[in-house]
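Everything on this sheet refers to the single structure shown next.
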Amino acid sequence: MTQSKFKALNPKVVLGVAAHPDDLDFGAAGTMAKWARGGAEVSYLILTDGSRGSANRKVSPEELVKTRKHEQEDAAKVLGVKNVFFCKWEDCCLECHDDVKREIVREIRELKPDVVVTMDPTMIYAAEIGFINHSDHRAAGQATLDAVFPLARDHLSFPELLKEGLEPHNTPTLLLINLEKQNWFEDISNQVEAKLKALQTHQSQLPEMEQALKMIKELAVDMGKKAGCEFAEGFMRIDIR
């Protein structure tokens, strides 16, 4: 299915699910800002504590957890993201198991999103740009796929959530962040500066900030060429039937 076969997305409620602070900002910040500024309620669910994502030998894991939490909260303010929920699974150790899926299902049933955004778990690497997809990214993506369908939909899945009053929810659309394969693009020409500003909050992750921002902007240009606009973000889109 190509871009022209899909209807335009104008979501009212959006949930982004990622392994680490900064993951969604790299892959979908422009889209999140676009939707937030269009009136959508956008929330992030960050699954790990981000405690290992640093080459700085002077910073402790405990300090890094606090720093990255604040960086993500600052980025959310830039983008207009309403809520950022943090789980506490250990960085680099995330697995696609029922406890992780339960937390994602909980947020889906509470928020009832029109669109869920996460990493494509089938993307193991992107050779052309020298990118290996973090195992946490893949685990987060797979757990989110499982949570969206069928677990959040079925009342017999996680019955303890139903007892809490969290009714099943069918998410209509899933967007998967994939750097090599896309069948859907969002024009972020009016939001690219917000994306770059949000990424600038992640100082702990981008010691070579100028170089990183240049790369991200170039990627948005490449996606824009595919989409027929100046800057874009690309996804694999699944409309769930």
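Ordering of the structure tokens sets the chain letters (A, B, ...), residue numbers begin anew at 1 in every chain, and ligands are numbered from 1 in the order given.
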
Exercise. Name the residues in contact with range 67-69 of chain A at a cut-off of 8 Å, using only C-alpha atoms, excluding same-chain residues fewer than 5 positions from it; report them as number ranges by chain.
Key: A: 21, 50, 202, 204

Exercise. Could you give me, as a list in words, the residues within 8 Å of Thr144 in chain A, counting only C-alpha atoms and dropping anything in the same chain fewer than 6 positions from it?
Key: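 Returned residues: Val17, Lys101, Ile104 and Thr118 of chain A.
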
Kindly export the residues of the current selection with C-alpha atoms, as a short mmCIF file (atom, residue, chain, number, x, y, z; two decimals), in the first residue's frame.
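Result file follows (selection17.cif):
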```cif
data_model
loop_
_atom_site.label_atom_id
_atom_site.label_comp_id
_atom_site.auth_asym_id
_atom_site.auth_seq_id
_atom_site.Cartn_x
_atom_site.Cartn_y
_atom_site.Cartn_z
CA VAL A 17 6.18 4.31 22.94
CA LYS A 101 3.33 -5.41 27.37
CA ILE A 104 1.85 -0.47 27.31
CA THR A 118 6.94 3.21 17.99
#
```

Exercise. Would you list the contacts of Glu210 in chain A as a PyMOL selection string, taking every protein, DNA or RNA residue within 12 Å and counting only C-alpha atoms, but skipping same-chain residues closer than 6 positions in sequence?
Key: chain A and resi 196-197+199-200+203+216-217

Self-check item: Exercise: Cys92 in chain A partners within 10 Å, only C-alpha atoms, chain neighbours under 4 positions left out, as a ChimeraX atom specification
Solution: /A:19-20,48-53,134-137

Quiz prompt | Residue neighbourhood Ala198 in chain A, 9 Å, only C-alpha atoms, exclusion window fewer than 6 positions, as a PyMOL selection string | solution = chain A and resi 22+25+29+71-72+74-79
